[in-house]
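A.B. asks: This is query38.tsv, which holds TSV, C-alpha atoms:
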chain	number	residue	atom	x	y	z
G	1	MET	CA	120.98	73.07	97.13
G	2	THR	CA	119.44	76.50	96.74
G	3	THR	CA	119.67	78.48	93.52
G	4	ILE	CA	119.02	82.07	92.54
G	5	ALA	CA	118.18	83.29	89.04
G	6	HIS	CA	118.69	87.03	88.54
G	7	ALA	CA	116.87	89.01	85.87
G	8	THR	CA	116.00	92.57	84.95
G	9	ILE	CA	112.77	93.40	83.14
G	10	VAL	CA	111.88	96.85	81.84
G	11	MET	CA	108.35	97.77	80.75
G	12	GLU	CA	107.27	101.11	79.35
G	13	ARG	CA	103.85	102.61	78.73
G	14	THR	CA	102.58	106.07	77.86
G	15	TYR	CA	99.25	107.11	79.35
G	16	SER	CA	97.22	110.06	78.07
G	17	THR	CA	96.82	111.64	81.45
G	18	SER	CA	98.83	113.65	83.96
G	19	ALA	CA	101.60	112.25	86.16
G	20	LYS	CA	99.45	113.32	89.10
G	21	ARG	CA	96.67	110.90	88.07
G	22	VAL	CA	99.07	108.04	87.34
G	23	PHE	CA	100.73	108.50	90.72
G	24	ALA	CA	97.32	108.64	92.39
G	25	ALA	CA	96.40	105.29	90.80
G	26	TRP	CA	99.38	103.77	92.69
G	27	SER	CA	98.86	105.55	95.97
G	28	ASP	CA	95.09	104.89	96.12
G	29	ILE	CA	94.64	101.36	97.40
G	30	GLU	CA	91.16	100.91	95.88
G	31	ALA	CA	92.43	101.92	92.44
G	32	ARG	CA	95.43	99.64	92.80
G	33	LYS	CA	93.23	96.65	93.69
G	34	ARG	CA	91.32	97.21	90.43
G	35	TRP	CA	94.19	97.52	88.02
G	36	SER	CA	96.87	95.29	89.55
G	37	ALA	CA	94.91	92.02	89.20
G	38	PRO	CA	96.34	90.55	85.99
G	39	ALA	CA	93.25	88.51	84.99
G	40	ASP	CA	89.51	88.45	85.66
G	41	ASN	CA	89.72	85.31	87.79
G	42	ILE	CA	92.51	86.71	89.98
G	43	ARG	CA	91.85	89.10	92.83
G	44	ILE	CA	94.12	91.08	95.12
G	45	GLU	CA	93.40	91.59	98.82
G	46	TYR	CA	95.43	93.78	101.15
G	47	GLU	CA	96.26	92.72	104.69
G	48	ALA	CA	98.22	95.92	105.24
G	49	ALA	CA	98.52	99.04	103.11
G	50	ASP	CA	100.74	101.97	103.97
G	51	PHE	CA	101.86	103.82	100.87
G	52	ARG	CA	104.55	106.22	102.03
G	53	GLU	CA	108.32	106.22	102.27
G	54	GLY	CA	109.16	103.67	104.97
G	55	GLY	CA	105.66	102.15	104.75
G	56	ARG	CA	104.81	98.51	104.12
G	57	ASP	CA	102.07	96.69	102.20
G	58	VAL	CA	101.11	93.06	102.47
G	59	SER	CA	98.89	91.80	99.67
G	60	ARG	CA	97.49	88.43	98.73
G	61	CYS	CA	97.06	87.44	95.11
G	62	ILE	CA	94.27	84.89	94.99
G	63	GLU	CA	93.69	82.69	91.98
G	64	PRO	CA	91.60	79.54	91.62
G	65	ASP	CA	93.28	76.14	92.07
G	66	ASN	CA	96.57	77.60	93.24
G	67	ALA	CA	98.08	78.59	96.56
G	68	ASP	CA	98.00	82.36	97.24
G	69	TYR	CA	100.99	84.52	96.39
G	70	VAL	CA	101.65	86.82	99.34
G	71	ALA	CA	103.70	89.90	98.53
G	72	THR	CA	105.32	92.13	101.13
G	73	VAL	CA	106.39	95.54	99.85
G	74	ASN	CA	108.68	98.06	101.55
G	75	TYR	CA	108.48	101.56	100.06
G	76	LEU	CA	112.04	102.86	100.06
G	77	ASP	CA	111.89	106.04	97.99
G	78	VAL	CA	108.69	107.90	97.14
G	79	ARG	CA	108.70	111.21	95.23
G	80	LYS	CA	105.18	112.42	94.55
G	81	ASP	CA	104.20	112.35	90.86
G	82	LYS	CA	107.75	111.31	89.90
G	83	ARG	CA	109.10	108.11	91.33
G	84	ILE	CA	108.41	105.08	93.51
G	85	VAL	CA	111.10	102.56	94.49
G	86	PHE	CA	110.17	99.51	96.52
G	87	ALA	CA	111.55	96.15	97.56
G	88	GLU	CA	109.19	93.21	97.31
G	89	ASP	CA	109.24	89.68	98.62
G	90	VAL	CA	106.85	86.97	97.39
G	91	VAL	CA	105.84	83.84	99.30
G	92	HIS	CA	103.90	81.11	97.48
G	93	GLY	CA	102.28	78.69	99.88
G	94	GLU	CA	105.02	78.14	102.48
G	95	LYS	CA	107.91	78.94	100.17
G	96	ARG	CA	109.68	82.24	99.54
G	97	VAL	CA	109.98	82.35	95.76
G	98	SER	CA	111.52	85.75	95.02
G	99	ALA	CA	112.83	89.11	96.15
G	100	ALA	CA	112.78	92.08	93.80
G	101	LEU	CA	113.69	95.72	93.63
G	102	ILE	CA	111.15	97.64	91.59
G	103	SER	CA	111.27	101.22	90.41
G	104	VAL	CA	108.55	103.24	88.73
G	105	GLU	CA	109.44	106.49	87.02
G	106	LEU	CA	106.98	109.00	85.64
G	107	SER	CA	107.95	111.67	83.12
G	108	PRO	CA	106.07	113.91	80.69
G	109	LYS	CA	105.70	112.64	77.13
G	110	ASP	CA	103.58	113.87	74.21
G	111	GLY	CA	101.17	115.68	76.48
G	112	GLY	CA	100.74	112.54	78.58
G	113	THR	CA	102.82	110.56	81.04
G	114	HIS	CA	105.52	108.04	80.28
G	115	LEU	CA	105.87	105.25	82.83
G	116	ALA	CA	109.04	103.16	83.04
G	117	LEU	CA	108.84	100.12	85.28
G	118	THR	CA	112.16	98.39	86.02
G	119	MET	CA	112.09	95.11	87.92
G	120	GLN	CA	115.34	93.65	89.24
G	121	ILE	CA	114.40	90.16	90.30
G	122	ALA	CA	116.09	87.41	92.27
G	123	SER	CA	114.04	84.25	91.76
G	124	PHE	CA	114.71	81.35	94.12
G	125	ASP	CA	114.97	77.63	93.55
G	126	ASP	CA	113.57	77.31	90.02
G	127	ALA	CA	110.43	79.26	90.92
G	128	ASP	CA	110.61	80.99	87.51
G	129	MET	CA	109.32	84.24	88.93
G	130	GLU	CA	110.78	86.16	86.00
G	131	GLN	CA	107.94	84.78	83.93
G	132	GLY	CA	105.49	85.52	86.76
G	133	TYR	CA	106.57	89.16	86.89
G	134	GLN	CA	106.46	89.41	83.11
G	135	PHE	CA	102.88	88.12	82.96
G	136	GLY	CA	101.56	89.92	86.04
G	137	TRP	CA	102.96	93.38	85.41
G	138	SER	CA	102.39	93.44	81.68
G	139	ALA	CA	98.67	92.83	82.24
G	140	ALA	CA	98.54	95.24	85.19
G	141	LEU	CA	100.09	98.11	83.21
G	142	ASP	CA	97.58	97.50	80.41
G	143	ASN	CA	94.76	97.58	82.97
G	144	LEU	CA	96.13	100.81	84.36
G	145	ALA	CA	95.28	102.57	81.08
G	146	LYS	CA	91.60	101.79	81.72
G	147	GLU	CA	91.72	103.84	84.92
G	148	PHE	CA	92.19	106.94	82.79
G	149	SER	CA	89.68	106.22	80.02
G	150	ALA	CA	86.60	106.64	82.22
N	1	MET	CA	114.34	121.38	92.21
N	2	THR	CA	116.19	118.07	91.98
N	3	LYS	CA	115.73	116.23	88.72
N	4	ARG	CA	114.59	112.73	89.64
N	5	THR	CA	116.44	110.07	87.70
N	6	THR	CA	117.23	106.42	88.18
N	7	SER	CA	120.05	104.39	86.73
N	8	HIS	CA	119.85	100.60	86.95
N	9	ALA	CA	122.75	98.15	86.96
N	10	THR	CA	123.73	94.66	88.00
N	11	PHE	CA	127.14	93.32	88.92
N	12	VAL	CA	128.38	89.92	90.04
N	13	ILE	CA	131.50	89.06	92.05
N	14	GLU	CA	132.68	85.50	92.55
N	15	ARG	CA	135.32	84.37	95.00
N	16	GLU	CA	136.85	80.98	95.69
N	17	LEU	CA	137.46	80.80	99.43
N	18	GLU	CA	139.54	78.15	101.14
N	19	HIS	CA	137.12	77.84	104.03
N	20	PRO	CA	133.98	75.73	104.41
N	21	PRO	CA	130.56	77.38	103.79
N	22	ALA	CA	129.65	77.26	107.50
N	23	LYS	CA	132.71	79.34	108.40
N	24	VAL	CA	132.12	81.87	105.63
N	25	PHE	CA	128.43	82.13	106.49
N	26	ALA	CA	129.30	82.76	110.15
N	27	ALA	CA	131.35	85.79	109.10
N	28	TYR	CA	128.06	87.26	107.84
N	29	SER	CA	125.69	86.06	110.54
N	30	ASN	CA	127.72	86.85	113.66
N	31	GLN	CA	127.63	90.54	114.55
N	32	HIS	CA	131.11	90.59	116.11
N	33	SER	CA	132.61	88.92	113.06
N	34	LYS	CA	130.83	91.05	110.51
N	35	ALA	CA	131.74	94.29	112.29
N	36	LYS	CA	135.40	93.37	111.77
N	37	TRP	CA	135.30	93.22	107.97
N	38	PHE	CA	132.16	95.10	106.88
N	39	VAL	CA	133.71	98.53	107.36
N	40	GLY	CA	135.17	101.32	105.24
N	41	PRO	CA	138.89	101.99	104.76
N	42	GLU	CA	141.05	102.32	107.88
N	43	GLU	CA	141.32	106.10	107.64
N	44	TRP	CA	137.54	106.49	107.77
N	45	ARG	CA	135.68	107.49	110.87
N	46	GLN	CA	133.56	104.55	111.95
N	47	SER	CA	130.33	104.46	113.86
N	48	ASP	CA	128.42	101.62	115.47
N	49	HIS	CA	127.70	98.63	113.30
N	50	GLN	CA	124.31	97.13	114.16
N	51	LEU	CA	123.18	93.73	112.99
N	52	ASP	CA	119.97	91.86	113.67
N	53	PHE	CA	120.58	88.82	111.49
N	54	ARG	CA	117.16	87.28	110.82
N	55	VAL	CA	114.51	87.64	108.14
N	56	GLY	CA	112.96	91.07	108.74
N	57	GLY	CA	115.97	92.16	110.80
N	58	ASN	CA	118.04	95.26	110.02
N	59	GLU	CA	121.69	96.07	109.60
N	60	SER	CA	123.22	99.52	109.64
N	61	VAL	CA	126.65	101.07	109.65
N	62	SER	CA	127.97	104.50	108.79
N	63	GLY	CA	131.34	106.08	108.30
N	64	GLY	CA	133.31	108.34	106.06
N	65	PRO	CA	136.58	110.09	105.43
N	66	PRO	CA	137.71	112.69	108.01
N	67	HIS	CA	135.93	116.01	107.29
N	68	GLY	CA	134.06	114.32	104.41
N	69	PRO	CA	130.46	113.27	104.00
N	70	VAL	CA	129.00	110.45	106.08
N	71	HIS	CA	128.13	107.30	104.10
N	72	LYS	CA	125.23	105.46	105.69
N	73	PHE	CA	124.27	101.87	104.95
N	74	ASN	CA	120.86	100.66	106.08
N	75	GLY	CA	119.47	97.28	105.07
N	76	GLU	CA	116.82	94.72	105.82
N	77	TYR	CA	117.22	90.96	105.43
N	78	TRP	CA	114.56	89.41	103.19
N	79	ASP	CA	115.72	85.81	103.00
N	80	ILE	CA	118.23	83.70	104.89
N	81	ILE	CA	119.06	80.01	104.40
N	82	GLU	CA	121.81	78.95	106.77
N	83	ASN	CA	125.13	78.25	105.03
N	84	GLU	CA	123.50	78.72	101.61
N	85	ARG	CA	121.94	82.11	100.89
N	86	ILE	CA	121.44	85.65	102.20
N	87	VAL	CA	119.22	88.26	100.55
N	88	ILE	CA	119.28	91.89	101.68
N	89	ALA	CA	117.66	95.06	100.35
N	90	TYR	CA	119.66	98.11	101.38
N	91	GLU	CA	119.84	101.83	100.84
N	92	MET	CA	122.81	104.18	100.95
N	93	HIS	CA	122.72	107.78	102.10
N	94	MET	CA	125.44	110.37	101.64
N	95	ASP	CA	124.77	112.69	104.58
N	96	ASP	CA	120.99	113.18	104.24
N	97	THR	CA	120.66	112.32	100.55
N	98	ARG	CA	119.49	108.86	99.51
N	99	THR	CA	121.88	107.88	96.72
N	100	SER	CA	121.02	104.27	95.93
N	101	ILE	CA	118.88	101.25	96.69
N	102	SER	CA	120.09	97.71	96.04
N	103	LEU	CA	119.06	94.10	96.26
N	104	GLY	CA	122.10	92.02	97.22
N	105	THR	CA	122.16	88.22	97.13
N	106	THR	CA	125.04	86.18	98.51
N	107	GLU	CA	125.27	82.49	97.64
N	108	PHE	CA	127.59	80.08	99.44
N	109	LYS	CA	128.27	76.98	97.37
N	110	SER	CA	130.34	73.99	98.45
N	111	ALA	CA	133.45	73.68	96.32
N	112	PRO	CA	136.28	71.08	96.42
N	113	THR	CA	138.60	73.68	97.94
N	114	GLY	CA	136.06	75.27	100.28
N	115	THR	CA	133.39	77.73	99.25
N	116	ARG	CA	132.46	79.42	96.02
N	117	LEU	CA	130.89	82.72	97.06
N	118	ILE	CA	128.72	84.51	94.50
N	119	TYR	CA	127.56	88.03	95.31
N	120	THR	CA	125.07	89.60	92.91
N	121	GLU	CA	123.91	93.18	93.36
N	122	GLN	CA	121.01	94.72	91.45
N	123	CYS	CA	121.23	98.46	92.03
N	124	VAL	CA	119.23	101.59	91.41
N	125	PHE	CA	121.31	104.77	91.56
N	126	LEU	CA	119.19	107.82	92.28
N	127	ASP	CA	119.33	111.35	90.87
N	128	GLY	CA	122.80	111.00	89.36
N	129	HIS	CA	124.51	109.95	92.59
N	130	ASP	CA	127.15	107.22	92.72
N	131	ASN	CA	127.68	104.64	89.97
N	132	VAL	CA	128.09	100.92	89.46
N	133	HIS	CA	131.85	101.14	88.85
N	134	ASP	CA	132.50	102.64	92.28
N	135	ARG	CA	129.98	100.33	93.93
N	136	GLU	CA	131.62	97.25	92.50
N	137	ARG	CA	135.08	98.46	93.50
N	138	GLY	CA	133.86	99.19	97.04
N	139	THR	CA	132.32	95.73	97.23
N	140	GLN	CA	135.56	94.11	96.01
N	141	ASP	CA	137.34	95.94	98.84
N	142	LEU	CA	134.86	94.58	101.37
N	143	LEU	CA	135.30	91.03	100.09
N	144	ASN	CA	139.07	91.46	100.31
N	145	GLN	CA	138.55	92.41	103.95
N	146	LEU	CA	136.34	89.33	104.38
N	147	GLU	CA	139.14	87.14	103.01
N	148	THR	CA	141.66	88.72	105.34
N	149	PHE	CA	139.31	88.25	108.28
N	150	LEU	CA	138.77	84.57	107.40
N	151	SER	CA	142.48	83.85	107.10
N	152	ILE	CA	143.38	85.22	110.54
Once you've parsed the file, please lay out its structure as structure tokens.

C.D. replies:
Amino acid sequence: MTTIAHATIVMERTYSTSAKRVFAAWSDIEARKRWSAPADNIRIEYEAADFREGGRDVSRCIEPDNADYVATVNYLDVRKDKRIVFAEDVVHGEKRVSAALISVELSPKDGGTHLALTMQIASFDDADMEQGYQFGWSAALDNLAKEFSA
Amino acid sequence: MTKRTTSHATFVIERELEHPPAKVFAAYSNQHSKAKWFVGPEEWRQSDHQLDFRVGGNESVSGGPPHGPVHKFNGEYWDIIENERIVIAYEMHMDDTRTSISLGTTEFKSAPTGTRLIYTEQCVFLDGHDNVHDRERGTQDLLNQLETFLSI
């Protein structure tokens, strides 16, 4: 019997830089590879990258002693320097473990940029992807700050 | 300049259906069946319903009240397990404006009397358009039409 666990996670950060630079860190694939890996021993490789409305990415999250997590992203709504909405599907080994709808909103705050990340997750068959998203994105958003400190 | 906003919501609808899961699932997977119930109210103009029911396949339908705006549904199937589960991500347009994006999961569970259907929708409403109350009501209407279709 299949099961689905639904969850919504919201994360917020404020970066001391412009919305233009935060948006660029998402749209630039090289920047995204740097900041989206949640730990030093995890790396992200892209099999396809097409950041635009209607575009699709396929990325592989590679960590030691575990099967790769392959994420397919469809960009559904992209407003430059303001908003990105995408649907994402994650396959672990041979098994589809989750589907999620993710929105990123950028707005001005205290001379910097406020980022709100909302993840609406459907996790399949006890895969516990809510915890996976919590861990992965929390670390990634912290890493993102380092892109602007250089 | 449009102010860009998002509003997030989740709603769940459960139905007890007096039909086995395979029959209920077929009302979703078969294009001819789905076109009969997955439509707007009778007074709406209807256009072609398209369904390519497989993972990665698309579904679209549009319609609207006479002289009113055209509501367009466009989705892609992300996960399908026969007789058990369907996952779709879909967007709605009102004329040329994208008004919402949703992740919809439908679960078909065997129940003593037939099927317990659980539909969960996680929605993002864009730029102040539409709202979860209307979306849930519209979805209830569609499931009513599904029940009518199944009982014929």

A.B. asks: Using all atoms listed in the file, determine which residues lie at most 12 Å from Glu53 of chain G, disregarding the query and same-chain residues fewer than 4 positions distant; provide the list as number ranges by chain.

C.D. replies: G: 27, 57, 73-80, 83-87; N: 98

A.B. asks: Which polymer residues have any atom within 6 Å of an atom of Ala99 of chain G, counting only C-alpha atoms, with same-chain residues fewer than 6 positions away left out, as a VMD selection string?

C.D. replies: chain G and resid 88 to 89 122

A.B. asks: Using all atoms listed in the file, which protein or nucleic acid residues come within 7 Å of segment 134-148 of chain N? Drop anything in the same chain fewer than 3 positions from it, and give the result as a list in words.

C.D. replies: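 Result of the neighbour search: Phe11, Trp37, Phe38, Asn131, Ser151 and Ile152 of chain N.
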
A.B. asks: Could you write out the selected residues, including C-alpha atoms, as a CSV table (one decimal), keeping the file's coordinate frame?

C.D. replies:
chain,number,residue,atom,x,y,z
N,11,PHE,CA,127.1,93.3,88.9
N,37,TRP,CA,135.3,93.2,108.0
N,38,PHE,CA,132.2,95.1,106.9
N,131,ASN,CA,127.7,104.6,90.0
N,151,SER,CA,142.5,83.8,107.1
N,152,ILE,CA,143.4,85.2,110.5

A.B. asks: Counting only C-alpha atoms, which of N:Ser102, N:Phe149, N:Phe25, N:Asp130 gets nearest to Ile102 of chain G?

C.D. replies: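 Ranked by minimum distance to Ile102 of chain G, first place goes to N:Ser102.
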
A.B. asks: Could you write out as an MDAnalysis selection string the residues of chain N within 10 Å of chain G, counting only C-alpha atoms?

C.D. replies: chainID N and resid 3:10 76 78:79 81 84:85 87:91 98 100:110 120:124 126

A.B. asks: Could you work out an axis-aligned bounding box for all listed atoms of segment 109-113 of chain N, with 5 Å added on each of the six sides, and give its centre and edge lengths in Å to one decimal, as lines of an AutoDock Vina configuration file?

C.D. replies:
center_x = 133.4
center_y = 74.0
center_z = 97.4
size_x = 20.3
size_y = 15.9
size_z = 12.1

A.B. asks: Record the distance separating atom CA of Ala71 of chain G and atom CA of Gly54 of chain G, expressed in Å with one decimal.

C.D. replies: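 Calculated distance between atom CA of Ala71 of chain G and atom CA of Gly54 of chain G is 16.2 Å.
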
A.B. asks: Pick out the closest residue to Gln131 of chain G from this set: G:Trp35, G:Trp26, G:Ile9, G:Asp40. Count all atoms listed in the file.

C.D. replies: G:Ile9

A.B. asks: Quote the spacing between atom CA of Glu63 of chain G and atom CA of Val10 of chain G in Å to one decimal place.

C.D. replies: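 The value is 25.2 Å.
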
A.B. asks: Using all atoms listed in the file, pick whichever of N:Ile80, N:Ala27, N:Ile118, N:Leu51 has the shortest atom-to-atom distance to Arg15 of chain N.

C.D. replies: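 So, comparing all the options, the nearest one is N:Ile118.
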
A.B. asks: As an exercise, work out the distance from atom CA of Asp126 of chain G to atom CA of Val24 of chain N in Å and give it to one decimal place.

C.D. replies: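 Taking atom CA of Asp126 of chain G and atom CA of Val24 of chain N, their separation equals 24.7 Å.
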
A.B. asks: Which is closer to Leu17 of chain N than all the others in N:Leu117, N:Pro65, N:Phe125, N:Val132, using all atoms listed in the file?

C.D. replies: N:Leu117

A.B. asks: From (106.3, 93.8, 86.1), in the file's coordinates, out to 7 Å: which residues are reached, counting all atoms listed in the file? Answer as a PDB file with C-alpha atoms, in the frame of the given file.

C.D. replies:
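After the write, part_34.pdb holds the following:
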ATOM      1  CA  MET G  11     108.350  97.770  80.750  1.00  0.00           C
ATOM      2  CA  LEU G 117     108.840 100.120  85.280  1.00  0.00           C
ATOM      3  CA  MET G 119     112.090  95.110  87.920  1.00  0.00           C
ATOM      4  CA  TYR G 133     106.570  89.160  86.890  1.00  0.00           C
ATOM      5  CA  GLN G 134     106.460  89.410  83.110  1.00  0.00           C
ATOM      6  CA  GLY G 136     101.560  89.920  86.040  1.00  0.00           C
ATOM      7  CA  TRP G 137     102.960  93.380  85.410  1.00  0.00           C
ATOM      8  CA  SER G 138     102.390  93.440  81.680  1.00  0.00           C
TER       9      SER G 138
END

A.B. asks: Using all atoms listed in the file for the distances, tell me which of N:Ser33, N:Thr99, N:Thr113, N:Ser60 is nearest to Leu150 of chain N.

C.D. replies: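 Checking each candidate against Leu150 of chain N, we get N:Ser33 as the closest.
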
A.B. asks: Considering all atoms listed in the file, state which residue in the set G:Val70, G:Ala140, G:Pro64, G:Ser149 is at the smallest distance from Arg32 of chain G.

C.D. replies: G:Ala140

A.B. asks: Excluding same-chain residues fewer than 2 positions from Pro112 of chain N, what lies within 12 Å of it counting only C-alpha atoms, as a PyMOL selection string?

C.D. replies: chain N and resi 16-21+109-110+114-116
